[in-house]
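First the structure, in the form of structure tokens, and then the observations on it.
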Amino acid sequence: MRLTPEEVEHVALLGRLRLTEEERARFTTQLNSILDHFEQLKDIDTAGVPPMSHAVPVSNVVREDQPKPSLAPEEALQNAPDQDRNCFRVPRVIE
Amino acid sequence: MSSTPELHDLTAHELSDLLTSKQVSARDALAAVYQRINDIESEVHAYVRLTRELAEQQASEIDERRARGEALPPLAGVPLALKDICCTKGIETTCCSRILQGFVPPYDADVVERCRRSGLVFLGKTNMDEFAMGSSTENSAFGVTHNPWDLARVPGGSSGGSAAAVAASETIVSMGTDTGGSIRQPASCCGVVGLKPTYGRVSRYGVIAFASSLDQVGPITKDVRDCALMMNVLAGHDPRDSTSIPLPAPDYTQALIPGVKGLRFGLVKEFMEYQGVGVDPEVSSSIRTALDRLRELGGECEEVSLPYLNYSIPVYYIIAPAEASSNLARYDGVQYGYRSPAKGGDIVEMYSRTRDEGFGAEVKRRIMLGTYALSAGYYDAYYLKASQVRTLIRRDFDRAFEKFDVLVGPVSPTVAFRLGEKTDDPIAMYLSDVCTIPVNMGGLPGMSLPCGFSSEGLPIGLQLVGKPLSEETLLRAAYAFEQSTDCHRRRSHPIQTRDGRRSVVARA
């Protein structure tokens, strides 16, 4: 087994997910079977092959830095779950 | 068709002719389609949200402009269904996720702006797998969509609602997004036409991101001419998407010329047989018959092997979840969308509860997979390795296109499967995209069109794949093929029970 339940818990924390006992057990089995499926890539010789990140050769797209209007604060805040004085409100971050 | 077809059954170009010659008003067309939705939507569930008030306003505006003698774009007044992945200003957009429930975008996606400018009338937002992750539309947070050809089966996914709406005549045209097959596979399952354009041909601005190096928007329509007309609406450069190709889009309807004389078609061995396992025999024989048809129409056909396509599934399921885990980090309950009502705990606790309650199982599985593949110590073994194999896959395609104009194969290894059949087996579900995924890996255009039916009467799709920016060649080949069959004419009509199978589509 590549991934232990403890490692699954650690990955969940990195991904900001809280797993129930049942989810942790199920994901451990499923992720291991998916990772087993990935093993076949090890057989391919990729020495010197550049990685492909985009399908078209478009890079460093630049534009003039022209000032223009952006969303008004009330529009930007219209979907906020919690807000206060034109800010997004979150639980306390600094003790 | 023996009797006069009803308005909801028309293609966009047929309806456009009636609208232009003022035989039918946009309001009449809209009323007919909403009547159809009223009649069968409870059986199909293609939509998650209808926007009737807006649609009536848009249709009236088109009718008034036409009455004033204004020259209007070809699709003005034609009803459209939008996949719930595109941001629509003032209209709730959820990506069929609980985490975005109630989200009302403050702006339109580029494709939505283009549809508004073209005078298309917005019927509503269609169902999809949550964040476009899935091949059956069963991962939606808002219920499953039923395949109009057999209500006990899936419509494919992730754009299952869009494809089902077109197949059931609950819209005239629709659109979807395709990251690993999400336009083509549901189009195939529902017996309609779908095109995933070259990566960068259509803007991704305002389209909720899944895997940014693979996502692409495209049409889902009743026939090939409608597909070309919708490409004229959707394609073009957009400076707001830095991966948008800075070239003007052609008039795609010019590509619809009869015959395929001189075109070289390559039947891809790895589409017919992945890692030695062949596609369903009925699918295989339907594709070979289609190839014979292309030969009769003047095409040259041969088989070709692209060996690195045998690794597409692992490559895709590393790259797409890695990009998704990064894209979906933005859903944290701060700026928009759902926030867990649970009180107490620090901000990490709030993030984690929000995401746990807001995301469904498949989305969590892919976030886990992607986070792991990108985590310290594993990046080289997974993401880097997969990106290198992606280069090898693209090189296989480039080599094949030295000899062929169009590569051919099935869209999916089977016809539409039964609801619930694959929900507990992620790898079995992933394998339904085995013929479509490589095309996204290469960033190439790919098209799905109906080419036959199984013994049970379910549609089978033919896939055409082209060089970058060769959408016109695909449309030409698809048009010639379509005009030589009647597959695309089979659609619509009331719910019936035939051979114990419940369907809302009857053969013409």
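Labels for the structure tokens follow display order: chains A, B, ..., residues from 1 in each chain, ligands from 1.
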Using only C-alpha atoms, what does the table of chain B residues within 6 Å of chain A look like, with each row giving the shortest atom pair and its distance in Å to one decimal, sorted by chain and ascending number, as CSV?
```
residue,atom,partner,partner_atom,distance
B:Ser213,CA,A:His54,CA,5.6
B:Pro314,CA,A:Phe38,CA,5.1
B:Gln335,CA,A:Ala80,CA,4.8
B:Tyr336,CA,A:Ala80,CA,4.6
B:Ile347,CA,A:Pro91,CA,5.4
B:Ser352,CA,A:Leu17,CA,4.8
B:Arg355,CA,A:Leu17,CA,5.9
B:Asp356,CA,A:Leu17,CA,5.5
B:Ser387,CA,A:Pro51,CA,4.6
B:Gln388,CA,A:Pro51,CA,4.1
B:Thr391,CA,A:Met52,CA,5.2
B:Gly443,CA,A:Ala55,CA,4.7
```
Tell me, as a ChimeraX atom specification, which residues lie within 10 Å of stretch 13-15 of chain B, counting only C-alpha atoms; anything in the same chain fewer than 3 positions away does not count. /B:7-10,18-21,23-26,29,74-75,77-79,172,223,225-227,229
Please extract the residues of stretch 66-223 of chain B with a backbone DSSP assignment of strand (DSSP E or B) and present them as a PyMOL selection string. chain B and resi 79-83+86+88+91+121-126+147+150+153+173-177+193-196+207+217-221
Just-selected residues, N, CA and C atoms written as a short mmCIF file (atom, residue, chain, number, x, y, z; two decimals), in the first residue's frame:
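Wrote out_3.cif, looks like this:
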```cif
data_model
loop_
_atom_site.label_atom_id
_atom_site.label_comp_id
_atom_site.auth_asym_id
_atom_site.auth_seq_id
_atom_site.Cartn_x
_atom_site.Cartn_y
_atom_site.Cartn_z
N PRO B 79 -33.48 29.80 -29.34
CA PRO B 79 -33.30 29.42 -27.93
C PRO B 79 -32.03 28.59 -27.69
N LEU B 80 -31.36 28.91 -26.57
CA LEU B 80 -30.07 28.30 -26.23
C LEU B 80 -30.09 27.84 -24.77
N ALA B 81 -29.47 26.70 -24.51
CA ALA B 81 -29.28 26.24 -23.13
C ALA B 81 -27.80 26.36 -22.79
N LEU B 82 -27.49 26.98 -21.65
CA LEU B 82 -26.09 27.20 -21.25
C LEU B 82 -25.70 26.24 -20.14
N LYS B 83 -24.55 25.61 -20.28
CA LYS B 83 -24.04 24.75 -19.20
C LYS B 83 -23.79 25.62 -17.97
N CYS B 86 -20.70 28.35 -17.03
CA CYS B 86 -20.35 29.69 -17.55
C CYS B 86 -20.98 30.74 -16.67
N THR B 88 -22.88 33.86 -15.75
CA THR B 88 -23.91 34.65 -16.40
C THR B 88 -24.29 35.78 -15.44
N ILE B 91 -27.45 35.91 -13.14
CA ILE B 91 -28.12 34.61 -13.11
C ILE B 91 -27.26 33.64 -12.30
N VAL B 121 -31.36 33.33 -27.27
CA VAL B 121 -32.31 33.52 -26.17
C VAL B 121 -32.00 32.47 -25.09
N PHE B 122 -31.77 32.95 -23.84
CA PHE B 122 -31.26 32.05 -22.78
C PHE B 122 -32.39 31.33 -22.04
N LEU B 123 -32.55 30.04 -22.33
CA LEU B 123 -33.61 29.24 -21.70
C LEU B 123 -33.32 28.95 -20.23
N GLY B 124 -32.03 28.67 -19.94
CA GLY B 124 -31.68 28.30 -18.58
C GLY B 124 -30.30 27.68 -18.53
N LYS B 125 -29.95 27.16 -17.34
CA LYS B 125 -28.64 26.56 -17.12
C LYS B 125 -28.80 25.04 -17.00
N THR B 126 -27.90 24.31 -17.65
CA THR B 126 -28.06 22.85 -17.70
C THR B 126 -27.23 22.12 -16.65
N ASN B 147 -30.97 9.94 -19.73
CA ASN B 147 -30.74 9.94 -21.18
C ASN B 147 -32.08 9.87 -21.90
N ASP B 150 -33.16 6.50 -23.35
CA ASP B 150 -33.52 5.45 -22.39
C ASP B 150 -33.36 6.07 -21.01
N ARG B 153 -30.81 5.25 -18.31
CA ARG B 153 -29.37 5.38 -18.59
C ARG B 153 -28.86 6.80 -18.39
N VAL B 173 -30.31 24.81 -29.48
CA VAL B 173 -28.86 24.59 -29.46
C VAL B 173 -28.37 24.67 -28.01
N SER B 174 -27.16 24.14 -27.81
CA SER B 174 -26.57 24.23 -26.49
C SER B 174 -25.05 24.31 -26.63
N MET B 175 -24.40 24.38 -25.47
CA MET B 175 -22.93 24.39 -25.46
C MET B 175 -22.47 23.64 -24.23
N GLY B 176 -21.19 23.25 -24.25
CA GLY B 176 -20.63 22.55 -23.11
C GLY B 176 -19.17 22.93 -22.96
N THR B 177 -18.50 22.29 -22.01
CA THR B 177 -17.06 22.42 -21.90
C THR B 177 -16.48 21.03 -21.90
N VAL B 193 -24.56 16.27 -32.02
CA VAL B 193 -23.25 16.68 -32.52
C VAL B 193 -22.55 17.54 -31.46
N GLY B 194 -21.27 17.27 -31.22
CA GLY B 194 -20.50 18.08 -30.27
C GLY B 194 -19.11 18.35 -30.81
N LEU B 195 -18.60 19.55 -30.58
CA LEU B 195 -17.25 19.88 -31.05
C LEU B 195 -16.44 20.52 -29.92
N LYS B 196 -15.29 19.91 -29.64
CA LYS B 196 -14.31 20.54 -28.76
C LYS B 196 -13.28 21.21 -29.65
N VAL B 207 -15.40 31.19 -17.53
CA VAL B 207 -15.82 29.79 -17.48
C VAL B 207 -15.13 29.18 -16.26
N VAL B 217 -14.35 25.35 -24.40
CA VAL B 217 -15.79 25.48 -24.61
C VAL B 217 -16.13 25.13 -26.05
N GLY B 218 -17.30 24.53 -26.28
CA GLY B 218 -17.72 24.26 -27.66
C GLY B 218 -19.20 23.96 -27.76
N PRO B 219 -19.70 23.88 -29.02
CA PRO B 219 -21.14 23.69 -29.26
C PRO B 219 -21.63 22.25 -29.07
N ILE B 220 -22.89 22.11 -28.69
CA ILE B 220 -23.61 20.83 -28.73
C ILE B 220 -24.92 21.12 -29.48
N THR B 221 -25.12 20.45 -30.61
CA THR B 221 -26.21 20.82 -31.53
C THR B 221 -26.86 19.60 -32.16
#
```
Helix (DSSP H, G or I) per DSSP on the backbone: members of stretch 43-86 of chain A, as a CSV table (one decimal) with C-alpha atoms, in the first residue's frame:
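Final output, saved to out.csv:
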```
chain,number,residue,atom,x,y,z
A,43,ASP,CA,8.2,2.0,-17.6
A,73,PRO,CA,-17.0,47.3,-3.9
A,74,GLU,CA,-20.7,46.5,-3.5
A,75,GLU,CA,-20.5,44.2,-6.6
A,76,ALA,CA,-17.4,42.5,-5.4
```
